[in-house]
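Written out below as structure tokens is the structure these notes cover.
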Number of protein chains: 4
Amino acid sequence: MSQADFGRLELELAEVEMPGLISCRTEFGPSQPFKGARITGSLHMTIQTAVLIETLTALGAEVRWCSCNIFSTQDHAAAAIARDSAAVFAWKGETLQEYWWCTERALDWGPGGGPDLIVDDGGDATLLIHEGVKAEEEPDPASTDNAEFQIVLTIIRDGLKGDPKKYHKMKERLVGVSEETTTGVKRLYQMQANGTLLFPAINVNDSVTKSKFDNLYGCRHSLPDGLMRATDVMIAGKVAVICGYGDVGKGCAAAMKQAGARVIVTEIDPICALQALMEGLQVLTLEDVVSEADIFCTTTGNKDIIMVDHMRKMKNNAIVCNIGHFDNEIDMHGLETFPGVKRITIKPQTDRWVFPDTKSGVIVLAEGRLMNLGCATGHPSFVMSCSFTNQVIAQLELWNERSSGKYEKKVYVLPKHLDEKVAALHLGKLGAKLTKLTKDQSDYISIPVEGPYKPAHYRY
Amino acid sequence: MSQADFGRLELELAEVEMPGLISCRTEFGPSQPFKGARITGSLHMTIQTAVLIETLTALGAEVRWCSCNIFSTQDHAAAAIARDSAAVFAWKGETLQEYWWCTERALDWGPGGGPDLIVDDGGDATLLIHEGVKAEEEPDPASTDNAEFQIVLTIIRDGLKGDPKKYHKMKERLVGVSEETTTGVKRLYQMQANGTLLFPAINVNDSVTKSKFDNLYGCRHSLPDGLMRATDVMIAGKVAVICGYGDVGKGCAAAMKQAGARVIVTEIDPICALQALMEGLQVLTLEDVVSEADIFCTTTGNKDIIMVDHMRKMKNNAIVCNIGHFDNEIDMHGLETFPGVKRITIKPQTDRWVFPDTKSGVIVLAEGRLMNLGCATGHPSFVMSCSFTNQVIAQLELWNERSSGKYEKKVYVLPKHLDEKVAALHLGKLGAKLTKLTKDQSDYISIPVEGPYKPAHYRY
Amino acid sequence: MSQADFGRLELELAEVEMPGLISCRTEFGPSQPFKGARITGSLHMTIQTAVLIETLTALGAEVRWCSCNIFSTQDHAAAAIARDSAAVFAWKGETLQEYWWCTERALDWGPGGGPDLIVDDGGDATLLIHEGVKAEEEPDPASTDNAEFQIVLTIIRDGLKGDPKKYHKMKERLVGVSEETTTGVKRLYQMQANGTLLFPAINVNDSVTKSKFDNLYGCRHSLPDGLMRATDVMIAGKVAVICGYGDVGKGCAAAMKQAGARVIVTEIDPICALQALMEGLQVLTLEDVVSEADIFCTTTGNKDIIMVDHMRKMKNNAIVCNIGHFDNEIDMHGLETFPGVKRITIKPQTDRWVFPDTKSGVIVLAEGRLMNLGCATGHPSFVMSCSFTNQVIAQLELWNERSSGKYEKKVYVLPKHLDEKVAALHLGKLGAKLTKLTKDQSDYISIPVEGPYKPAHYRY
Amino acid sequence: MSQADFGRLELELAEVEMPGLISCRTEFGPSQPFKGARITGSLHMTIQTAVLIETLTALGAEVRWCSCNIFSTQDHAAAAIARDSAAVFAWKGETLQEYWWCTERALDWGPGGGPDLIVDDGGDATLLIHEGVKAEEEPDPASTDNAEFQIVLTIIRDGLKGDPKKYHKMKERLVGVSEETTTGVKRLYQMQANGTLLFPAINVNDSVTKSKFDNLYGCRHSLPDGLMRATDVMIAGKVAVICGYGDVGKGCAAAMKQAGARVIVTEIDPICALQALMEGLQVLTLEDVVSEADIFCTTTGNKDIIMVDHMRKMKNNAIVCNIGHFDNEIDMHGLETFPGVKRITIKPQTDRWVFPDTKSGVIVLAEGRLMNLGCATGHPSFVMSCSFTNQVIAQLELWNERSSGKYEKKVYVLPKHLDEKVAALHLGKLGAKLTKLTKDQSDYISIPVEGPYKPAHYRY
């Protein structure tokens, strides 16, 4: 709590960098559209998120919050919010046990049930409800041998002791969720395909102003930031391997190239591979380059990308990190259980792991979790303002249409004119001036003067 | 015809750079899938197009060809094709009258009617048939005061003298068209929306391996190429204004920035504008910068972007050019008819227009038409191989399904696995190696090992 | 002292990144060339400097050290060195009083007089001796109204109470100094020109492997590092003004451009200005842009660059920082004494200064001192290895030639073959392979096979 | 001669891009400082050179000119000058025999002897006089087995038939030479070292505004220009090997990287190699990469860089070119005499050489000579204005001091204030505004308000 003042100061700085959120306060604040709405968020509890939370409360919502990663909370941000605005269950360096307890606490609004709306990042709040509903039929932590999933099921089971229909009640009340990660959205589409999705969902990740900004420009900023804070390594002259060349990988590769590294990309998708080549990047397999590179960063959203056998072949002090949502891109389990391996903690979130035979070590950041949040402060305010303005708009949409039947138990994206509006809210801060279509031009290309300007399939 | 040998030599060089087309020859050539098919193409008659034409003929097609721009033909390419492979109606520097005559010739396969398939670029072959069908009801060149459109209607009218149902017959025979430009595709979607589209169309432009490659990387290559060949101007240190920041504009802006220019973008779309800002480009209106910039390039696909009043305010010898499909982005009519203006032709496609009052001049490239094709040789072979492999695949698809009813009178895009295949065919030439999903990884992310790897809405 | 273990761990990581220094240990360590030499260093007490110090001790030297900036010490580095290797007088956040006391302590080797050699950065150790010698004639702190200089003279005066000839003795013993900053070197050349230089000096700054690496690539790395750690600001989309386009300014401008900012340069030198233009940067005066930019960084080595009147005109929360050696580039005095100004410390080295009339604030980093050392950890190990290998070689040269008369009381640069050697020691780590001249080629261009490869005036 | 009008039009365009030369006309034209001076130039007869020539004549000089490369003349430029301003002996595609005849003609001012001043590029005019003087003692073309040198000696011998003291007379009259290439300057310093230099020389190449602009930014512009005009090859995605990383190599590597190629550098100098690494470029030997690269460009100023044995190992249609002054960087002799090799001329200056065993070919540009001048139009006007303004200033200096004895038979560089003046003359055109030192700042850093701003050893 002693950090609340510091948090407040940084919050005030961030507000100046987040014009989209501040515009929402100005536009919607007076009418208090969230009056009566309970919002639970599961999203990295950073300074930027604090501005989001206070935008939601400024629009009338009651809010409870937890982080969606054990390392990503900025404690001064959490302190400022806890003191001033909302219930917060998050601190930097949670155990997995604590993490899921926090998630459960954020969802539990007391006797009256759960939240009306969820702001999700990675889908863990959504998952807990879905698993809770399932478990109310048959709660059995022993049904899995995945350690983390056992924790989830145990917490659910313990919670059901108080109210055995807790999650069914929660589901009933819930108006919907807005989700902002590639990973969380993939889960939602899978549930939609399986017919198991329990409430409407808005896919905020695929707003252009989210995936083509936060994922790309955010990572372009925060990968070098995390590397420098964690290791102070000179990036120029080094060989950096970026596993995956999606939006996140594109941002990471651009950052490393710009900083003077030679970049090698690994890809499964021939189209993304060809894009990498057009930017002058080499496309090879991890096996081809594992022993000559200096920095490795996973961005795939898939699992088992860098295995302990890869790490054994790396140069001494090669840096291994992940910027994808989950921590299973790097084989931390294989590393931790490698016979005779020695872990030397340089500083929190920066460990050197030394193999017994070679005495050679690799430096692993944030224990394989999101390095930009574990080792630095995540994405900067301006780009998060784009993402979070989408969140606010999605939450408003779900809440306003809660009785209209507009949204079924499916996954939706925001309409293009709202996406364009988010962008427009961020131009003034950067001194930009838009050109306006004349009526004549508008007719010629059959596009309204006020937009939307592109067809739905446009790729930007 | 004397240039045919030179054309053949360049064709042979281009083949080495066009692995997608050569792969099509290897994969499909033996089965002669186009046996019996007549293909008419309306597409810049360049060396790269020549390799496309000979790929179509290698697969069994008969081909007739015209260019889709009065300046874009490379005469040695036309000569080689005319001598060796197909009927060609195209030369560099056609009049508009000649241009439409060529288009009509390419569509006229004699008594038996028209083509089975059309390869279109900008949609002029498609337009001629649609206008022909309309005109067979009521042919009246006087019905328009657009000079070029009068030429079209006159040519149609004259053609109908021989066979008053010529275009109806053509329409009947036609299996479909594949179209590769943003502009042409927009026309097709408008016709689909109006219910006036007469035959199936495949939108090749929106294959990722077309719009995100040809449009982007092609223009990144060919804008400086055209500028240098036409004017030899030093790009470094100059202020370049790129009107429009779509795929083409992105490529143009990147090229100018990389060459050391300071780049200013004009945009109507706030999302594209925000992308420009994230790359360090300034976003202003043309009016803001018209008197301080050195190079202006239009890429909008819209009309009336740079007007004569803009040009009057420009610095002496400011360069004005267009890389969009049509020549109405720059107000050539306003310039040509400006009282007292003087045109000084430096060399073909490079004119200095001097205003009488200021004695100050602007340099206009390719008379406002596609400057990369008018002043240079268009996009390089490698990236055109991506586009044209999509064309071949689209033509094959239309032809193979000609009797199946799969394609109605609508606009279609190619399925993602074909798009990915086009990319894959181009990786080996650049020395790339793809990573393969394991079965376990494939299950985890629910993506088949062999692709497609991305959902339809993915933006790359 | 509790931080010594942490310091040692980071030292070990740094050693892997500093091949030049480690090579010196391998090559020269066995012969102990510094046996009997006392070395005083006045140079930012960072992890990298710790590796330098332990290289000097590995070669036989006794060492005493202070920092050359009140904010630049990394306490864990100081602790590790103090515990294991040398006397250290430095901590992060010294007062000016403490700073000069530390400098005096580092120079005082007890009754036997001062050091044999000085490693200097900015010239403060050199200055103290020169001022000391002058003051022994007439010590009068009241002779100046510069606050910091009064501290210097007071410390000298107090020291003379113990031994009134202290600085003369020091001067007599001193073999020479090696200096590594543009600023310190300028002072040395001025003293040489005035005939007041008291001992030989080697200008390490103008080794190519120093000024064209540390200054350029070091700042390219550490400016964004400092900005991100201090403010988390998104650099992309912002307007950054870099005052000065020398080696440091070039690195800073490149970093900002690469991160997606729009960069404006201010310069007095038309040649450097033209270089900036060729890279697509705008060159204007500070007055032209003061109210539209977001980030301001001074790199000039001159004083009074950004004055309080400039700061008053800036946008709210504009960031103002300095990466030049001294803190007088930014008018901190004017800011601190501005009537009604309010200082809000966000966190150490990050202050928001709010003007009373506008309520608008600027964010000043590291109190106007070197922001990369105050807000981050300075330059990364690899590039510092280049600089410090020059320092070791210069110290060896001075010491080995201490009796030969080779070096007079003048400023010298290292010969080119040593400069090339420093570079060569750093290639292997980055996987580079050099080409070798054949005898025939060597004859043709009259360059020895083993170098030096360039004439003295070559600019790289 | 029919091209003279076209040349004049391009000359007029170029004048707008060459503010330094036009400023010289304005500043010095009225006083006609070259009144009575005969100037012979041996320098690529391009449009830019034409503006230089007409600047010299505008200042009162009489001029005779030849090119310094058999392919570099732009015939329309030569025609315009020949018609309007000076005697020109140059055309595109000279034989070596014709080339040296032209050089001899340009030096021969008739009975009155030779020129007063020489403008040299590569040193061939200087060489001819030095060899002529030697040959007047003992002219013997059989004394060498170098084919080109035999031509030189034969032309000298034939010339001596008319006047056996021709070259001695020439030497006597000659006031001096200004030379602008790295290669030519190296020759001059060698002659100075040997004591054989016959007249004063000003090294214009090492003006900062020449070597750091023309060599660097000129090549950054003209390498891709030459590649595109000669081959239309897509640069993006390709592997480009740049041999040598001096100023020219830096420009070439930057151009290829920016265009999307992956760049590999070969170097003998460890400092330049380390610079390449810091920019993310790989440094290897030619042998390491000869079989995987697509584009090879030599920039070394040395000979025997790419040998026929290298070319045999290259990929089919690898492009081999040289941008260094002389044509011996590529082993053209080895290629031409390789048993069974077949030369296929695609178009002038673009040849495919096919090896008999593999049927694989390499594409050699401009027969191994300067590809940017052979295949394109050389460096653009703006950067040449910097170089040529140095030439004009150097010529003025030599002429004005012709009787003062200021210049001995040595090599001189221009003083820094003139170098800075050249830069200053080019800022306005690009819209730049310089900052001015205050008196106080000037005192503080001991630099005059009006410059020069840097010490002589400063590297920029």
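Residues in the structure tokens are numbered from 1 in each chain, the chains being A, B, ... in the order shown, and ligands are numbered from 1 in the order shown.
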Q.
List as a ChimeraX atom specification the protein and nucleic acid residues near region 327-336 of chain A, meaning an atom at most 10 Å away when only C-alpha atoms are counted, but skip any in the same chain fewer than 6 places from it.
A. /A:69,243,297-312,320-321,342-343,353-355,364,366-371
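Every protein or nucleic acid residue with an atom no more than 6 Å from Val119 (chain C), counting only C-alpha atoms and leaving out same-chain residues fewer than 5 positions away, appears here: Gly41, Val177 and Ser178 of chain C.
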Any chance you can output those residues with N, CA, C and O atoms as a PDB file, in the first residue's frame?
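Result file result.pdb:
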ATOM      1  N   GLY C  41      41.216   5.635 -11.001  1.00  0.00           N
ATOM      2  CA  GLY C  41      40.217   5.813 -12.052  1.00  0.00           C
ATOM      3  C   GLY C  41      39.097   6.725 -11.600  1.00  0.00           C
ATOM      4  O   GLY C  41      38.653   6.662 -10.450  1.00  0.00           O
ATOM      5  N   VAL C 177      47.801  10.298 -18.078  1.00  0.00           N
ATOM      6  CA  VAL C 177      46.379  10.028 -17.982  1.00  0.00           C
ATOM      7  C   VAL C 177      45.882   9.518 -19.332  1.00  0.00           C
ATOM      8  O   VAL C 177      46.390   9.904 -20.381  1.00  0.00           O
ATOM      9  N   SER C 178      44.920   8.633 -19.288  1.00  0.00           N
ATOM     10  CA  SER C 178      44.197   8.307 -20.522  1.00  0.00           C
ATOM     11  C   SER C 178      42.756   8.728 -20.323  1.00  0.00           C
ATOM     12  O   SER C 178      42.147   8.441 -19.302  1.00  0.00           O
TER      13      SER C 178
END
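Using only C-alpha atoms, the chain B residues found within 6 Å of chain D amount to Asp232, Val233, Met234, Gln258 and Pro380 of chain B.
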Using only N, CA, C and O atoms, please write the residues we just selected to a file, as a JSON list (two decimals), in the first residue's frame.
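Output file selection25.json follows:
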[["chain", "number", "residue", "atom", "x", "y", "z"],
["B", 232, "ASP", "N", 16.34, 10.71, -62.45],
["B", 232, "ASP", "CA", 17.68, 10.65, -61.82],
["B", 232, "ASP", "C", 17.74, 11.49, -60.55],
["B", 232, "ASP", "O", 18.84, 11.85, -60.10],
["B", 233, "VAL", "N", 16.61, 11.78, -59.94],
["B", 233, "VAL", "CA", 16.64, 12.67, -58.79],
["B", 233, "VAL", "C", 17.20, 11.95, -57.56],
["B", 233, "VAL", "O", 16.98, 10.75, -57.37],
["B", 234, "MET", "N", 17.94, 12.66, -56.75],
["B", 234, "MET", "CA", 18.40, 12.10, -55.48],
["B", 234, "MET", "C", 17.21, 12.07, -54.53],
["B", 234, "MET", "O", 16.60, 13.11, -54.25],
["B", 258, "GLN", "N", 13.37, 4.49, -46.81],
["B", 258, "GLN", "CA", 14.62, 3.74, -46.85],
["B", 258, "GLN", "C", 15.66, 4.45, -47.71],
["B", 258, "GLN", "O", 16.85, 4.36, -47.45],
["B", 380, "PRO", "N", 9.22, -6.44, -60.27],
["B", 380, "PRO", "CA", 10.21, -7.45, -60.68],
["B", 380, "PRO", "C", 9.59, -8.85, -60.73],
["B", 380, "PRO", "O", 8.54, -9.12, -60.16]]
Q: Apply DSSP to the structure's backbone, then extract all residues of region 12-242 of chain A labelled strand (DSSP E) and return them as a PyMOL selection string.
A: chain A and resi 38-42+62-66+87-89+117-120+176-179+201-203+239-242
Write out the residues from the selection above, keeping N, CA and C atoms, as a compact mmCIF listing (two decimals), in the first residue's frame.
# COMPACT_ATOMS: atom_id res chain seq x y z
N ARG A 38 -21.44 -5.04 -12.69
CA ARG A 38 -20.25 -5.56 -12.02
C ARG A 38 -19.31 -6.10 -13.09
N ILE A 39 -18.10 -5.62 -13.09
CA ILE A 39 -17.12 -6.10 -14.07
C ILE A 39 -15.95 -6.77 -13.35
N THR A 40 -15.66 -7.99 -13.76
CA THR A 40 -14.45 -8.67 -13.28
C THR A 40 -13.43 -8.67 -14.40
N GLY A 41 -12.23 -8.27 -14.05
CA GLY A 41 -11.15 -8.31 -15.04
C GLY A 41 -10.07 -9.30 -14.64
N SER A 42 -9.57 -10.02 -15.65
CA SER A 42 -8.39 -10.87 -15.44
C SER A 42 -7.39 -10.44 -16.49
N GLU A 62 -18.89 -1.16 -11.14
CA GLU A 62 -18.14 -1.69 -10.00
C GLU A 62 -17.16 -2.71 -10.55
N VAL A 63 -15.94 -2.74 -10.01
CA VAL A 63 -14.89 -3.56 -10.62
C VAL A 63 -14.15 -4.39 -9.57
N ARG A 64 -13.87 -5.65 -9.92
CA ARG A 64 -12.93 -6.50 -9.17
C ARG A 64 -11.88 -7.00 -10.17
N TRP A 65 -10.64 -7.10 -9.75
CA TRP A 65 -9.59 -7.37 -10.73
C TRP A 65 -8.56 -8.37 -10.22
N CYS A 66 -8.05 -9.18 -11.14
CA CYS A 66 -6.87 -10.01 -10.85
C CYS A 66 -5.95 -9.94 -12.06
N ALA A 87 -11.49 -3.43 -6.10
CA ALA A 87 -10.86 -4.55 -5.39
C ALA A 87 -9.83 -5.21 -6.30
N VAL A 88 -8.64 -5.39 -5.78
CA VAL A 88 -7.57 -5.97 -6.60
C VAL A 88 -6.99 -7.19 -5.91
N PHE A 89 -6.83 -8.26 -6.66
CA PHE A 89 -6.22 -9.48 -6.15
C PHE A 89 -5.04 -9.82 -7.05
N LEU A 117 -20.06 -8.81 -16.31
CA LEU A 117 -19.20 -8.75 -17.49
C LEU A 117 -17.79 -9.19 -17.10
N ILE A 118 -17.09 -9.77 -18.05
CA ILE A 118 -15.69 -10.13 -17.82
C ILE A 118 -14.82 -9.46 -18.88
N VAL A 119 -13.74 -8.89 -18.40
CA VAL A 119 -12.67 -8.43 -19.28
C VAL A 119 -11.56 -9.46 -19.15
N ASP A 120 -11.27 -10.16 -20.24
CA ASP A 120 -10.36 -11.29 -20.11
C ASP A 120 -9.13 -11.11 -21.00
N GLY A 176 -21.55 -11.39 -20.69
CA GLY A 176 -20.59 -11.74 -21.72
C GLY A 176 -19.16 -11.40 -21.32
N VAL A 177 -18.25 -11.77 -22.21
CA VAL A 177 -16.83 -11.53 -21.97
C VAL A 177 -16.24 -10.84 -23.19
N SER A 178 -15.29 -9.97 -22.94
CA SER A 178 -14.48 -9.47 -24.06
C SER A 178 -13.06 -9.94 -23.83
N GLU A 179 -12.47 -10.50 -24.85
CA GLU A 179 -11.17 -11.18 -24.72
C GLU A 179 -10.17 -10.53 -25.68
N ALA A 201 -19.29 -13.69 -26.44
CA ALA A 201 -17.91 -13.21 -26.32
C ALA A 201 -17.61 -12.24 -27.46
N ILE A 202 -16.94 -11.18 -27.12
CA ILE A 202 -16.44 -10.29 -28.18
C ILE A 202 -14.93 -10.46 -28.26
N ASN A 203 -14.52 -10.77 -29.47
CA ASN A 203 -13.11 -10.96 -29.79
C ASN A 203 -12.49 -9.59 -30.05
N VAL A 239 23.08 -12.42 -33.03
CA VAL A 239 22.15 -13.18 -33.85
C VAL A 239 20.92 -13.50 -33.01
N ALA A 240 19.77 -13.03 -33.47
CA ALA A 240 18.53 -13.23 -32.72
C ALA A 240 17.61 -14.15 -33.51
N VAL A 241 17.10 -15.17 -32.84
CA VAL A 241 16.15 -16.09 -33.47
C VAL A 241 14.76 -15.79 -32.93
N ILE A 242 13.85 -15.47 -33.83
CA ILE A 242 12.47 -15.22 -33.44
C ILE A 242 11.65 -16.40 -33.94
Q.
With only C-alpha atoms as the counted atoms, please give the residues lying no more than 7 Å from Leu398 (chain C), apart from itself and same-chain residues fewer than 4 positions off, as a list of chain:residue names.
A. C:Val175, C:Gly176, C:Ala394, C:Arg402
Now that the selection is made, can you save its residues with C-alpha atoms as a compact mmCIF listing (two decimals), in the first residue's frame?
# COMPACT_ATOMS: atom_id res chain seq x y z
CA VAL C 175 53.17 9.22 -15.50
CA GLY C 176 50.08 10.21 -17.43
CA ALA C 394 46.79 3.27 -23.37
CA ARG C 402 57.37 5.97 -18.46
(Q) Can you tell me which residues surround region 122-135 of chain C at a distance of at most 10 Å, considering only C-alpha atoms, apart from same-chain residues fewer than 6 positions away, and format the answer as a PyMOL selection string? (A) chain C and resi 40-43+66-69+100+103-104+106-107+114+141+149+152-157+159-160+164-171+176-188+191+196-199+201+325-326
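Closest approach to Ser403 (chain B) among B:Leu174, B:Ala318, B:Ile151, B:Ala90 is made by B:Leu174 (distances from only C-alpha atoms).
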Q | Picked from region 365-435 of chain B by DSSP as helix (DSSP H, G or I), as a PyMOL selection string | A | chain B and resi 366-368+371-374+381-400+416-424+428-430
Restricted to N, CA and C atoms, what would the selected residues look like written as a compact mmCIF listing (two decimals), in the first residue's frame?
# COMPACT_ATOMS: atom_id res chain seq x y z
N ALA B 366 4.86 9.79 -66.76
CA ALA B 366 3.95 8.87 -67.45
C ALA B 366 2.57 9.46 -67.66
N GLU B 367 2.52 10.77 -67.84
CA GLU B 367 1.24 11.47 -68.09
C GLU B 367 0.19 11.14 -67.03
N GLY B 368 0.67 10.86 -65.83
CA GLY B 368 -0.26 10.58 -64.75
C GLY B 368 -0.68 9.12 -64.64
N MET B 371 3.33 5.05 -63.06
CA MET B 371 4.69 5.49 -63.35
C MET B 371 5.69 4.35 -63.32
N ASN B 372 5.42 3.32 -62.54
CA ASN B 372 6.38 2.22 -62.47
C ASN B 372 6.38 1.42 -63.77
N LEU B 373 5.26 1.41 -64.45
CA LEU B 373 5.22 0.72 -65.73
C LEU B 373 5.54 1.66 -66.87
N GLY B 374 5.17 2.92 -66.74
CA GLY B 374 5.43 3.87 -67.81
C GLY B 374 6.89 4.28 -67.86
N SER B 381 10.30 -9.71 -61.41
CA SER B 381 9.77 -11.03 -61.73
C SER B 381 9.36 -11.82 -60.50
N PHE B 382 10.19 -11.78 -59.47
CA PHE B 382 9.94 -12.67 -58.34
C PHE B 382 8.58 -12.41 -57.71
N VAL B 383 8.26 -11.15 -57.49
CA VAL B 383 6.99 -10.86 -56.83
C VAL B 383 5.82 -11.06 -57.79
N MET B 384 6.06 -10.84 -59.08
CA MET B 384 5.00 -11.12 -60.05
C MET B 384 4.75 -12.62 -60.16
N SER B 385 5.76 -13.40 -59.86
CA SER B 385 5.55 -14.85 -59.88
C SER B 385 4.50 -15.25 -58.84
N CYS B 386 4.51 -14.58 -57.70
CA CYS B 386 3.47 -14.83 -56.69
C CYS B 386 2.10 -14.49 -57.26
N SER B 387 1.97 -13.28 -57.79
CA SER B 387 0.68 -12.85 -58.31
C SER B 387 0.21 -13.77 -59.43
N PHE B 388 1.10 -14.07 -60.34
CA PHE B 388 0.68 -14.80 -61.53
C PHE B 388 0.45 -16.28 -61.24
N THR B 389 1.12 -16.81 -60.24
CA THR B 389 0.79 -18.18 -59.86
C THR B 389 -0.63 -18.24 -59.33
N ASN B 390 -1.04 -17.21 -58.61
CA ASN B 390 -2.44 -17.12 -58.22
C ASN B 390 -3.36 -17.06 -59.44
N GLN B 391 -2.95 -16.32 -60.44
CA GLN B 391 -3.76 -16.23 -61.67
C GLN B 391 -3.90 -17.61 -62.31
N VAL B 392 -2.79 -18.32 -62.43
CA VAL B 392 -2.84 -19.64 -63.07
C VAL B 392 -3.76 -20.57 -62.27
N ILE B 393 -3.60 -20.54 -60.95
CA ILE B 393 -4.42 -21.41 -60.11
C ILE B 393 -5.89 -21.03 -60.22
N ALA B 394 -6.15 -19.74 -60.28
CA ALA B 394 -7.54 -19.29 -60.40
C ALA B 394 -8.12 -19.72 -61.76
N GLN B 395 -7.35 -19.58 -62.80
CA GLN B 395 -7.81 -19.99 -64.13
C GLN B 395 -8.09 -21.50 -64.17
N LEU B 396 -7.17 -22.24 -63.55
CA LEU B 396 -7.37 -23.70 -63.50
C LEU B 396 -8.66 -24.03 -62.76
N GLU B 397 -8.87 -23.35 -61.65
CA GLU B 397 -10.05 -23.61 -60.83
C GLU B 397 -11.32 -23.31 -61.62
N LEU B 398 -11.35 -22.17 -62.28
CA LEU B 398 -12.53 -21.82 -63.07
C LEU B 398 -12.77 -22.85 -64.18
N TRP B 399 -11.70 -23.22 -64.85
CA TRP B 399 -11.83 -24.15 -65.98
C TRP B 399 -12.23 -25.54 -65.52
N ASN B 400 -11.57 -26.02 -64.46
CA ASN B 400 -11.88 -27.37 -63.98
C ASN B 400 -13.31 -27.47 -63.46
N LYS B 416 -7.52 -20.70 -48.65
CA LYS B 416 -6.23 -20.40 -48.01
C LYS B 416 -5.14 -21.42 -48.33
N HIS B 417 -5.52 -22.69 -48.49
CA HIS B 417 -4.43 -23.65 -48.73
C HIS B 417 -3.76 -23.40 -50.08
N LEU B 418 -4.51 -22.86 -51.04
CA LEU B 418 -3.87 -22.53 -52.32
C LEU B 418 -2.98 -21.31 -52.17
N ASP B 419 -3.44 -20.36 -51.38
CA ASP B 419 -2.64 -19.18 -51.10
C ASP B 419 -1.30 -19.61 -50.45
N GLU B 420 -1.40 -20.48 -49.49
CA GLU B 420 -0.18 -20.97 -48.81
C GLU B 420 0.70 -21.75 -49.78
N LYS B 421 0.06 -22.46 -50.69
CA LYS B 421 0.85 -23.21 -51.68
C LYS B 421 1.67 -22.26 -52.56
N VAL B 422 1.03 -21.17 -52.96
CA VAL B 422 1.76 -20.19 -53.79
C VAL B 422 3.00 -19.70 -53.04
N ALA B 423 2.84 -19.38 -51.77
CA ALA B 423 4.00 -18.93 -50.99
C ALA B 423 5.05 -20.02 -50.94
N ALA B 424 4.62 -21.23 -50.65
CA ALA B 424 5.57 -22.33 -50.49
C ALA B 424 6.42 -22.53 -51.73
N GLY B 428 11.95 -21.92 -51.74
CA GLY B 428 13.20 -22.61 -52.04
C GLY B 428 14.20 -21.70 -52.74
N LYS B 429 13.72 -20.93 -53.69
CA LYS B 429 14.57 -20.00 -54.44
C LYS B 429 15.34 -19.06 -53.50
N LEU B 430 14.74 -18.74 -52.36
CA LEU B 430 15.37 -17.81 -51.42
C LEU B 430 16.07 -18.54 -50.27
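A straight line drawn from CA of Thr95 (chain C) to CA of Ser360 (chain C) is 28.8 Å long.
A straight line drawn from CA of Ala86 (chain B) to CA of Thr209 (chain B) is 27.0 Å long.
Between CA of Asp108 (chain D) and CA of Phe71 (chain D) the separation is 22.5 Å.
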(Q) List as an NGL selection string the protein and nucleic acid residues near Pro448 (chain C), meaning an atom at most 12 Å away when only C-alpha atoms are counted, but skip any in the same chain fewer than 3 places from it. (A) (:C and (417 or 436-445 or 451-454)) or (:D and (268-269))
Q | Exercise: Met45 (chain C) partners within 7 Å, only C-alpha atoms, chain neighbours under 4 positions left out, as JSON, numbers by chain | A | {"C": [49, 50, 66, 67, 72, 73, 74, 77, 78, 90]}
